[in-house]
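Text of the file start-v4.cif, holding mmCIF, C-alpha atoms:
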```
data_protein
#
loop_
_atom_site.label_atom_id
_atom_site.label_comp_id
_atom_site.auth_asym_id
_atom_site.auth_seq_id
_atom_site.Cartn_x
_atom_site.Cartn_y
_atom_site.Cartn_z
CA MET A 25 -2.12 -14.40 2.53
CA ALA A 26 -3.46 -17.37 0.58
CA LEU A 27 -4.33 -17.72 -3.08
CA ARG A 28 -7.57 -19.15 -4.39
CA ASN A 29 -7.43 -21.66 -7.25
CA PHE A 30 -10.30 -22.53 -9.58
CA ARG A 31 -11.45 -25.66 -11.39
CA PRO A 32 -10.70 -25.37 -15.13
CA LEU A 33 -14.32 -25.25 -16.22
CA THR A 34 -13.55 -22.43 -18.66
CA PRO A 35 -10.32 -21.34 -20.39
CA ALA A 36 -10.21 -18.22 -18.20
CA GLN A 37 -10.28 -20.27 -15.01
CA ARG A 38 -7.57 -22.75 -15.98
CA PHE A 39 -4.64 -20.67 -14.72
CA LYS A 40 -6.61 -18.18 -12.66
CA GLN A 41 -5.26 -17.42 -9.17
CA THR A 42 -6.84 -14.67 -7.10
CA PRO A 43 -6.34 -13.55 -3.50
CA ALA A 44 -8.45 -15.37 -0.92
CA TYR A 45 -8.75 -12.18 1.16
CA ASP A 46 -8.56 -14.22 4.37
CA GLU A 47 -6.76 -11.43 6.20
CA ILE A 48 -9.44 -8.81 5.47
CA THR A 49 -11.49 -8.13 8.62
CA LYS A 50 -13.50 -5.04 7.59
CA LYS A 51 -15.60 -4.67 4.46
CA GLY A 52 -15.79 -0.91 3.90
CA PRO A 53 -13.27 1.88 4.56
CA GLU A 54 -13.32 4.38 7.42
CA ARG A 55 -15.39 7.25 5.99
CA SER A 56 -13.33 9.95 7.72
CA LEU A 57 -10.13 8.67 6.06
CA VAL A 58 -11.22 8.58 2.40
CA GLU A 59 -11.42 11.22 -0.29
CA THR A 60 -12.62 11.37 -3.88
CA LEU A 61 -10.24 10.05 -6.50
CA LYS A 62 -10.83 11.51 -9.95
CA LYS A 63 -9.72 9.52 -12.99
CA SER A 64 -7.48 11.34 -15.48
CA GLY A 65 -7.56 8.87 -18.37
CA GLY A 66 -3.83 9.51 -18.75
CA ARG A 67 -4.40 13.19 -19.64
CA ASN A 68 -2.80 16.28 -18.13
CA ASN A 69 -4.43 19.58 -17.15
CA GLN A 70 -4.51 20.61 -20.82
CA GLY A 71 -6.38 17.49 -21.89
CA ARG A 72 -3.39 16.03 -23.72
CA LEU A 73 -2.63 12.32 -23.48
CA THR A 74 0.66 12.03 -21.57
CA SER A 75 0.38 8.46 -20.21
CA ARG A 76 -0.86 5.82 -22.60
CA HIS A 77 -2.94 2.71 -21.85
CA ILE A 78 -4.91 4.33 -19.00
CA GLY A 79 -8.68 4.61 -18.85
CA GLY A 80 -11.88 3.10 -17.52
CA GLY A 81 -11.81 0.86 -14.49
CA HIS A 82 -13.90 0.60 -11.38
CA LYS A 83 -14.63 3.67 -9.27
CA GLN A 84 -12.31 4.04 -6.28
CA LYS A 85 -12.01 6.11 -3.16
CA TYR A 86 -8.52 7.11 -2.03
CA ARG A 87 -7.54 5.94 1.45
CA ILE A 88 -5.42 8.54 3.28
CA ILE A 89 -2.33 6.66 4.49
CA ASP A 90 -0.16 8.07 7.29
CA PHE A 91 3.27 7.52 5.72
CA LYS A 92 4.85 9.99 8.19
CA ARG A 93 3.46 8.34 11.36
CA ARG A 94 2.64 11.80 12.63
CA ILE A 95 1.35 10.77 16.05
CA ARG A 96 4.43 9.99 18.15
CA GLY A 97 4.58 8.50 21.63
CA VAL A 98 0.90 7.47 21.70
CA GLU A 99 -0.01 3.79 21.57
CA ALA A 100 -2.55 2.64 19.00
CA THR A 101 -4.62 -0.51 18.61
CA VAL A 102 -5.09 -2.26 15.26
CA GLU A 103 -8.84 -2.22 14.70
CA ALA A 104 -8.98 -3.84 11.25
CA ILE A 105 -7.02 -5.05 8.23
CA GLU A 106 -8.58 -3.65 5.05
CA TYR A 107 -8.31 -3.94 1.29
CA ASP A 108 -7.00 -0.89 -0.56
CA PRO A 109 -7.78 -0.69 -4.30
CA ASN A 110 -5.05 1.92 -4.80
CA ARG A 111 -2.09 -0.31 -3.83
CA SER A 112 -0.97 -3.92 -3.78
CA ALA A 113 -0.46 -3.96 0.01
CA ARG A 114 -3.16 -4.26 2.65
CA ILE A 115 -3.74 -1.40 5.08
CA ALA A 116 -4.31 -1.43 8.84
CA LEU A 117 -6.77 0.85 10.62
CA LEU A 118 -5.30 2.23 13.85
CA LYS A 119 -7.19 3.79 16.74
CA TYR A 120 -5.02 5.82 19.12
CA GLN A 121 -5.65 6.29 22.83
CA THR A 122 -6.67 9.86 22.04
CA GLY A 123 -9.52 8.56 19.86
CA GLU A 124 -7.92 9.58 16.55
CA LYS A 125 -7.81 7.07 13.68
CA SER A 126 -5.36 6.60 10.82
CA TYR A 127 -4.28 4.11 8.17
CA ILE A 128 -0.83 2.55 7.85
CA LEU A 129 0.57 -0.13 5.55
CA ALA A 130 -0.13 -3.53 7.12
CA PRO A 131 3.15 -5.42 7.70
CA ASN A 132 3.31 -9.19 7.49
CA GLY A 133 2.16 -10.76 10.76
CA LEU A 134 0.25 -7.76 12.15
CA GLN A 135 -3.01 -8.95 13.71
CA VAL A 136 -6.18 -7.21 14.82
CA GLY A 137 -5.86 -6.17 18.46
CA ALA A 138 -2.09 -5.67 18.31
CA LYS A 139 -0.52 -2.55 19.83
CA VAL A 140 1.75 -0.32 17.74
CA ILE A 141 3.51 2.94 18.49
CA ALA A 142 5.86 5.42 16.82
CA GLY A 143 8.65 7.28 18.60
CA ASP A 144 12.38 7.71 19.12
CA ASP A 145 12.72 5.19 21.95
CA VAL A 146 10.09 2.52 21.28
CA ALA A 147 10.70 -1.21 20.97
CA PRO A 148 11.61 -2.51 17.49
CA ASP A 149 8.46 -4.66 17.17
CA ILE A 150 6.39 -5.31 14.05
CA GLY A 151 4.38 -2.25 13.08
CA ASN A 152 6.33 0.17 15.27
CA ALA A 153 8.01 3.17 13.63
CA LEU A 154 11.31 4.60 14.86
CA PRO A 155 14.41 6.36 13.47
CA LEU A 156 17.17 4.33 11.85
CA LYS A 157 19.58 5.23 14.67
CA ALA A 158 17.35 3.31 17.13
CA ILE A 159 16.81 0.19 15.00
CA PRO A 160 19.08 -2.85 15.59
CA LEU A 161 21.36 -3.82 12.71
CA GLY A 162 20.02 -6.54 10.43
CA THR A 163 16.39 -5.61 11.05
CA VAL A 164 13.88 -5.89 8.21
CA ILE A 165 12.11 -2.55 7.63
CA HIS A 166 9.67 -0.91 5.23
CA ASN A 167 8.04 2.49 4.59
CA LEU A 168 11.48 4.09 4.77
CA GLU A 169 12.07 7.85 4.55
CA LEU A 170 14.76 9.13 2.18
CA ILE A 171 14.77 12.53 3.89
CA PRO A 172 13.79 12.94 7.57
CA GLY A 173 10.24 14.23 7.88
CA ARG A 174 9.27 13.71 4.25
CA GLY A 175 7.36 10.48 4.86
CA GLY A 176 8.01 6.91 3.78
CA GLN A 177 8.95 6.46 0.12
CA ILE A 178 10.89 3.17 -0.03
CA ALA A 179 9.54 -0.41 0.29
CA ARG A 180 5.81 0.29 0.26
CA SER A 181 4.38 -2.30 -2.15
CA ALA A 182 3.28 -5.84 -1.29
CA GLY A 183 6.05 -8.12 -0.03
CA GLN A 184 8.76 -5.44 -0.14
CA GLN A 185 11.43 -5.05 2.54
CA ALA A 186 14.70 -3.26 3.15
CA VAL A 187 17.49 -4.32 5.53
CA LEU A 188 19.49 -2.06 7.84
CA ASN A 189 23.12 -3.13 7.31
CA ASN A 190 25.31 -0.63 9.15
CA ARG A 191 25.67 2.89 10.57
CA GLU A 192 28.53 5.34 10.16
CA ALA A 193 29.07 9.11 10.52
CA GLY A 194 25.42 9.96 11.12
CA TYR A 195 24.15 7.85 8.23
CA ALA A 196 22.71 4.35 7.97
CA LEU A 197 23.60 1.91 5.20
CA VAL A 198 20.39 0.29 3.98
CA ARG A 199 20.01 -2.44 1.37
CA LEU A 200 16.96 -1.45 -0.65
CA PRO A 201 14.57 -3.95 -2.29
CA SER A 202 16.36 -3.45 -5.63
CA GLY A 203 19.66 -4.61 -4.11
CA GLU A 204 21.14 -1.11 -4.03
CA ILE A 205 22.96 -0.10 -0.84
CA ARG A 206 22.30 3.52 0.02
CA ARG A 207 23.33 5.98 2.73
CA ILE A 208 20.26 7.42 4.48
CA HIS A 209 20.27 9.89 7.37
CA GLU A 210 19.96 8.14 10.72
CA ASN A 211 17.05 10.40 11.77
CA SER A 212 14.87 9.05 8.96
CA TYR A 213 11.95 6.98 10.19
CA ALA A 214 11.13 3.44 9.11
CA THR A 215 8.57 0.84 10.13
CA ILE A 216 9.60 -2.58 11.43
CA GLY A 217 8.70 -5.65 9.37
CA GLN A 218 7.99 -6.69 5.80
CA VAL A 219 5.00 -5.35 3.88
CA GLY A 220 2.17 -7.88 3.91
CA ASN A 221 0.28 -9.56 1.05
CA THR A 222 3.46 -11.38 0.03
CA ASP A 223 1.70 -13.62 -2.51
CA HIS A 224 0.61 -10.68 -4.65
CA MET A 225 3.32 -11.47 -7.20
CA ASN A 226 1.74 -14.90 -7.83
CA VAL A 227 -1.73 -13.58 -8.68
CA SER A 228 -2.94 -14.50 -12.19
CA SER A 229 -6.00 -12.57 -13.35
CA GLY A 230 -7.09 -15.25 -15.82
CA LYS A 231 -8.79 -12.90 -18.26
CA ALA A 232 -8.33 -9.52 -19.89
CA GLY A 233 -11.46 -8.14 -18.24
CA ARG A 234 -9.88 -8.10 -14.78
CA THR A 235 -7.10 -5.92 -16.17
CA ARG A 236 -9.67 -3.53 -17.61
CA TRP A 237 -11.34 -3.31 -14.18
CA LEU A 238 -8.02 -1.98 -12.87
CA GLY A 239 -8.11 0.88 -15.38
CA ARG A 240 -5.53 -0.49 -17.82
CA ARG A 241 -6.28 -0.27 -21.52
CA PRO A 242 -4.74 -2.54 -24.21
CA HIS A 243 -1.06 -2.13 -25.03
CA VAL A 244 -0.39 -2.63 -28.74
CA ARG A 245 3.13 -3.65 -29.85
CA GLY A 246 4.92 -1.26 -32.16
CA MET A 247 6.03 -4.07 -34.46
CA VAL A 248 2.44 -4.77 -35.55
CA MET A 249 1.73 -1.11 -36.39
CA ASN A 250 2.22 0.69 -39.69
CA PRO A 251 5.37 2.74 -40.31
CA ILE A 252 3.34 5.95 -39.99
CA ASP A 253 2.35 5.00 -36.44
CA HIS A 254 5.59 3.62 -35.01
CA PRO A 255 9.31 3.55 -35.94
CA MET A 256 9.28 -0.26 -35.63
CA GLY A 257 6.18 -0.72 -37.78
CA GLY A 258 5.96 -2.08 -41.30
CA GLY A 259 7.86 -4.86 -43.05
CA GLN A 260 6.68 -7.83 -45.02
CA GLY A 261 5.37 -10.16 -42.36
CA LYS A 262 7.04 -10.66 -39.00
CA SER A 263 10.45 -9.00 -38.91
CA LYS A 264 13.00 -8.06 -36.30
CA GLY A 265 12.54 -4.38 -35.50
CA GLY A 266 9.81 -3.67 -38.05
CA GLY A 267 10.92 -2.39 -41.46
CA GLY A 268 14.65 -2.84 -40.73
CA ARG A 269 16.98 -4.37 -38.18
CA HIS A 270 17.37 -1.65 -35.57
CA HIS A 271 17.17 -1.53 -31.81
CA PRO A 272 13.73 -1.39 -30.13
CA VAL A 273 12.57 2.18 -29.59
CA SER A 274 9.55 4.02 -28.23
CA PRO A 275 6.99 5.62 -30.57
CA TRP A 276 9.11 8.81 -30.40
CA GLY A 277 12.44 7.13 -31.15
CA GLN A 278 13.77 6.77 -27.59
CA LEU A 279 15.86 3.58 -27.21
CA ALA A 280 13.92 1.04 -25.17
CA LYS A 281 16.61 -1.45 -24.11
CA GLY A 282 19.94 -0.71 -22.50
CA PHE A 283 19.74 3.08 -22.79
CA LYS A 284 20.33 4.73 -19.41
CA THR A 285 17.80 7.49 -18.78
CA ARG A 286 19.11 8.53 -15.35
CA ARG A 287 20.52 12.05 -15.36
CA HIS A 288 24.32 12.29 -15.25
CA HIS A 289 25.76 13.78 -12.03
CA HIS A 290 22.50 13.31 -10.17
CA PRO A 291 22.68 14.91 -6.68
CA SER A 292 21.87 11.60 -4.97
CA GLU A 293 24.89 9.86 -6.57
CA ALA A 294 26.89 10.64 -3.43
CA PHE A 295 24.55 8.53 -1.28
CA ILE A 296 24.74 5.36 -3.38
CA VAL A 297 27.31 2.96 -1.92
CA GLU A 298 26.62 -0.01 -4.18
CA ARG A 299 24.62 -0.02 -7.40
CA ARG A 300 21.55 -2.12 -8.01
CA LYS A 301 23.41 -4.03 -10.70
CA SER A 302 27.09 -4.06 -9.80
CA LYS A 303 29.30 -4.92 -12.77
CA SER A 304 31.16 -8.21 -12.26
CA LYS A 305 34.90 -7.99 -12.68
CA LYS A 306 36.19 -9.63 -15.83
CA LYS A 307 38.81 -12.31 -15.26
#
```
Please express what this file holds, its structure, as structure tokens.
Amino acid sequence: MALRNFRPLTPAQRFKQTPAYDEITKKGPERSLVETLKKSGGRNNQGRLTSRHIGGGHKQKYRIIDFKRRIRGVEATVEAIEYDPNRSARIALLKYQTGEKSYILAPNGLQVGAKVIAGDDVAPDIGNALPLKAIPLGTVIHNLELIPGRGGQIARSAGQQAVLNNREAGYALVRLPSGEIRRIHENSYATIGQVGNTDHMNVSSGKAGRTRWLGRRPHVRGMVMNPIDHPMGGGQGKSKGGGGRHHPVSPWGQLAKGFKTRRHHHPSEAFIVERRKSKSKKK
């Protein structure tokens, strides 16, 4: 993927960097693989605002992605690489020998016309899906299942990848994109390769309007609010932590920095071999 730069004719274009969309080969989505996506505006089924800073944005259709790679043992041809407004990665349209079509996440290097297949004994080539027990050690993978049959949940956004490090006692040791090493059942499926659109992290929208098109509303800092609206509001002029020197908190008083929100004795603790941020030993 390449990025498009602009001449600084206006302030918005000075640092603007947008995708060039060179890899896109099909303009519209496959009509049989889309469904209506209703906007919530951050509200739940009772109409209460539960997620702030959400609203507006361009209309979108949801593309149905086959995270489970349901069709096994049947070869498919990549018909197109498409844009998906619901995710940072690109998606690939597959057409199987049976005539059925489906979408998968497009890995880096997958080209139109390539052949991909999912199964227990297929070759570990880019775009193929197979269980962890059949993947060579050191292979870069994505769309990784945490539980066999549940569908891919790990390493699905643009440029993400996990690495298969080892296998022992029916489990595979996988280094996740966060750096955490985790034990995952060897029957869990994963797709070979790194997720495409690797330059997504370097995109600069250039103006606030592009953010609004994505459905994101303005985020106001608590420090600039009044004390009635936020615990950190108030104070005479700019002050650390609003009216007094206290740690940053959410509008409801929840500590915002350094406070661990993960539940103690979480069931998945037993599967974590090495933490995302391992504490360095003090000398």
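Ranking A:Val136, A:Ile178, A:Leu188, A:Ile165 by their shortest atom-to-atom distance to A:Ile150, with all atoms listed in the file included, puts A:Ile165 first.
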Residue nearest A:Pro32 - candidates A:Lys139, A:Glu169, A:Ile205, A:Gly230, atoms counted: only C-alpha atoms: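 So, comparing all the options, the nearest one is A:Gly230.
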Explicit residues for the PyMOL selection byres ((chain A and resi 119) around 8) (as a list in words):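 Taken over the shown coordinates, the PyMOL selection byres ((chain A and resi 119) around 8) returns Ala100, Thr101, Val102, Glu103, Leu117, Leu118, Tyr120, Gln121, Gly123, Glu124, Lys125 and Ser126 of chain A.
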Stretch 66-79 of chain A environment, 6 Å, all atoms listed in the file, sequence neighbours closer than 4 positions dropped, as number ranges by chain: A: 239-241
Counting all atoms listed in the file, which residue out of A:Gly80, A:Pro172, A:Gly183, A:Gly97 sits closest to A:Ile141? A:Gly97
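The space separating atom CA of A:Gly217 from atom CA of A:Lys85 comes to 26.9 Å.
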Smallest atom-to-atom distance to A:Lys157: which of A:Pro201, A:Ser212, A:Ser112, A:Ile128, using all atoms listed in the file?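 Using all atoms listed in the file, A:Lys157 sits closest to A:Ser212.
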If you apply the PyMOL selection byres ((chain A and resi 34-37) around 10) to this file, what residues do you get, as a count of residues only? 14
Which residue gives the smallest distance to A:Arg299 among A:Glu204, A:Asp253, A:Glu210, A:Asp144, with all atoms listed in the file counted? A:Glu204
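Here atom CA of A:Val140 stands at a distance of 12.1 Å from atom CA of A:Tyr127.
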Taking all atoms listed in the file into account, which of A:Ala214, A:Leu238, A:Ala280, A:Ala44 comes nearest A:Ala26?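 Answer, going by the shortest atom-to-atom distance: A:Ala44.
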Please expand the PyMOL selection byres ((chain A and resi 190) around 10) into the concrete residues it hits in this file, giving the result as a PyMOL selection string. chain A and resi 156-157+160-162+187-189+191-192+195-199+207
Let me have the centre and edge lengths of the axis-aligned box enclosing all listed atoms of stretch 122-128 of chain A with 6 Å padding on every side, in Å to one decimal, as JSON.
```
{"center_x": -5.2, "center_y": 6.2, "center_z": 14.9, "size_x": 20.7, "size_y": 19.3, "size_z": 26.2}
```
Using all atoms listed in the file, what residues lie at most 7 Å away from (-7.7, 6.0, -7.7) (file coordinates), given as a PyMOL selection string? chain A and resi 61-63+84-86+110
Suppose you want the space between atom CA of A:Gly81 and atom CA of A:Glu54; what is it in Å?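 Distance reported for this atom pair: 22.2 Å.
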Please output stretch 37-64 of chain A, rebuilt to include N, CA and C atoms, as a PDB file, in the coordinates of the input.
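Output file out.pdb follows:
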```pdb
ATOM      1  N   GLN A  37     -10.505 -19.795 -16.376  1.00  0.00           N
ATOM      2  CA  GLN A  37     -10.280 -20.270 -15.010  1.00  0.00           C
ATOM      3  C   GLN A  37      -9.157 -21.284 -14.898  1.00  0.00           C
ATOM      4  N   ARG A  38      -8.578 -21.689 -16.020  1.00  0.00           N
ATOM      5  CA  ARG A  38      -7.570 -22.750 -15.980  1.00  0.00           C
ATOM      6  C   ARG A  38      -6.333 -22.341 -15.186  1.00  0.00           C
ATOM      7  N   PHE A  39      -5.843 -21.133 -15.424  1.00  0.00           N
ATOM      8  CA  PHE A  39      -4.640 -20.670 -14.720  1.00  0.00           C
ATOM      9  C   PHE A  39      -4.945 -19.513 -13.779  1.00  0.00           C
ATOM     10  N   LYS A  40      -6.210 -19.304 -13.478  1.00  0.00           N
ATOM     11  CA  LYS A  40      -6.610 -18.180 -12.660  1.00  0.00           C
ATOM     12  C   LYS A  40      -6.232 -18.398 -11.198  1.00  0.00           C
ATOM     13  N   GLN A  41      -5.590 -17.415 -10.599  1.00  0.00           N
ATOM     14  CA  GLN A  41      -5.260 -17.420  -9.170  1.00  0.00           C
ATOM     15  C   GLN A  41      -5.550 -16.037  -8.621  1.00  0.00           C
ATOM     16  N   THR A  42      -6.471 -15.962  -7.680  1.00  0.00           N
ATOM     17  CA  THR A  42      -6.840 -14.670  -7.100  1.00  0.00           C
ATOM     18  C   THR A  42      -6.629 -14.714  -5.595  1.00  0.00           C
ATOM     19  N   PRO A  43      -6.488 -13.566  -4.953  1.00  0.00           N
ATOM     20  CA  PRO A  43      -6.340 -13.550  -3.500  1.00  0.00           C
ATOM     21  C   PRO A  43      -7.563 -14.132  -2.810  1.00  0.00           C
ATOM     22  N   ALA A  44      -7.333 -14.812  -1.692  1.00  0.00           N
ATOM     23  CA  ALA A  44      -8.450 -15.370  -0.920  1.00  0.00           C
ATOM     24  C   ALA A  44      -9.035 -14.338   0.032  1.00  0.00           C
ATOM     25  N   TYR A  45      -8.294 -13.268   0.283  1.00  0.00           N
ATOM     26  CA  TYR A  45      -8.750 -12.180   1.160  1.00  0.00           C
ATOM     27  C   TYR A  45      -9.068 -12.685   2.573  1.00  0.00           C
ATOM     28  N   ASP A  46      -8.328 -13.689   3.029  1.00  0.00           N
ATOM     29  CA  ASP A  46      -8.560 -14.220   4.370  1.00  0.00           C
ATOM     30  C   ASP A  46      -8.211 -13.213   5.456  1.00  0.00           C
ATOM     31  N   GLU A  47      -7.229 -12.353   5.164  1.00  0.00           N
ATOM     32  CA  GLU A  47      -6.760 -11.430   6.200  1.00  0.00           C
ATOM     33  C   GLU A  47      -7.638 -10.192   6.347  1.00  0.00           C
ATOM     34  N   ILE A  48      -8.577  -9.990   5.410  1.00  0.00           N
ATOM     35  CA  ILE A  48      -9.440  -8.810   5.470  1.00  0.00           C
ATOM     36  C   ILE A  48     -10.461  -9.004   6.578  1.00  0.00           C
ATOM     37  N   THR A  49     -10.566  -8.020   7.484  1.00  0.00           N
ATOM     38  CA  THR A  49     -11.490  -8.130   8.620  1.00  0.00           C
ATOM     39  C   THR A  49     -12.573  -7.069   8.595  1.00  0.00           C
ATOM     40  N   LYS A  50     -12.510  -6.120   7.651  1.00  0.00           N
ATOM     41  CA  LYS A  50     -13.500  -5.040   7.590  1.00  0.00           C
ATOM     42  C   LYS A  50     -13.856  -4.806   6.139  1.00  0.00           C
ATOM     43  N   LYS A  51     -15.143  -4.724   5.847  1.00  0.00           N
ATOM     44  CA  LYS A  51     -15.600  -4.670   4.460  1.00  0.00           C
ATOM     45  C   LYS A  51     -15.386  -3.303   3.832  1.00  0.00           C
ATOM     46  N   GLY A  52     -15.875  -2.254   4.474  1.00  0.00           N
ATOM     47  CA  GLY A  52     -15.790  -0.910   3.900  1.00  0.00           C
ATOM     48  C   GLY A  52     -14.731  -0.074   4.588  1.00  0.00           C
ATOM     49  N   PRO A  53     -14.298   1.029   3.952  1.00  0.00           N
ATOM     50  CA  PRO A  53     -13.270   1.880   4.560  1.00  0.00           C
ATOM     51  C   PRO A  53     -13.834   2.797   5.638  1.00  0.00           C
ATOM     52  N   GLU A  54     -12.959   3.370   6.432  1.00  0.00           N
ATOM     53  CA  GLU A  54     -13.320   4.380   7.420  1.00  0.00           C
ATOM     54  C   GLU A  54     -13.676   5.669   6.676  1.00  0.00           C
ATOM     55  N   ARG A  55     -14.905   6.145   6.821  1.00  0.00           N
ATOM     56  CA  ARG A  55     -15.390   7.250   5.990  1.00  0.00           C
ATOM     57  C   ARG A  55     -14.623   8.542   6.228  1.00  0.00           C
ATOM     58  N   SER A  56     -14.072   8.720   7.426  1.00  0.00           N
ATOM     59  CA  SER A  56     -13.330   9.950   7.720  1.00  0.00           C
ATOM     60  C   SER A  56     -11.937   9.949   7.110  1.00  0.00           C
ATOM     61  N   LEU A  57     -11.489   8.787   6.576  1.00  0.00           N
ATOM     62  CA  LEU A  57     -10.130   8.670   6.060  1.00  0.00           C
ATOM     63  C   LEU A  57     -10.105   8.406   4.558  1.00  0.00           C
ATOM     64  N   VAL A  58     -11.183   8.749   3.848  1.00  0.00           N
ATOM     65  CA  VAL A  58     -11.220   8.580   2.400  1.00  0.00           C
ATOM     66  C   VAL A  58     -11.524   9.918   1.742  1.00  0.00           C
ATOM     67  N   GLU A  59     -11.113  10.027   0.492  1.00  0.00           N
ATOM     68  CA  GLU A  59     -11.420  11.220  -0.290  1.00  0.00           C
ATOM     69  C   GLU A  59     -11.643  10.799  -1.742  1.00  0.00           C
ATOM     70  N   THR A  60     -12.282  11.673  -2.496  1.00  0.00           N
ATOM     71  CA  THR A  60     -12.620  11.370  -3.880  1.00  0.00           C
ATOM     72  C   THR A  60     -11.375  11.256  -4.730  1.00  0.00           C
ATOM     73  N   LEU A  61     -11.358  10.252  -5.588  1.00  0.00           N
ATOM     74  CA  LEU A  61     -10.240  10.050  -6.500  1.00  0.00           C
ATOM     75  C   LEU A  61     -10.759  10.181  -7.921  1.00  0.00           C
ATOM     76  N   LYS A  62     -10.356  11.238  -8.592  1.00  0.00           N
ATOM     77  CA  LYS A  62     -10.830  11.510  -9.950  1.00  0.00           C
ATOM     78  C   LYS A  62      -9.908  10.829 -10.956  1.00  0.00           C
ATOM     79  N   LYS A  63     -10.505  10.204 -11.958  1.00  0.00           N
ATOM     80  CA  LYS A  63      -9.720   9.520 -12.990  1.00  0.00           C
ATOM     81  C   LYS A  63      -9.284  10.535 -14.044  1.00  0.00           C
ATOM     82  N   SER A  64      -8.041  10.407 -14.503  1.00  0.00           N
ATOM     83  CA  SER A  64      -7.480  11.340 -15.480  1.00  0.00           C
ATOM     84  C   SER A  64      -7.515  10.782 -16.897  1.00  0.00           C
TER      85      SER A  64
END
```
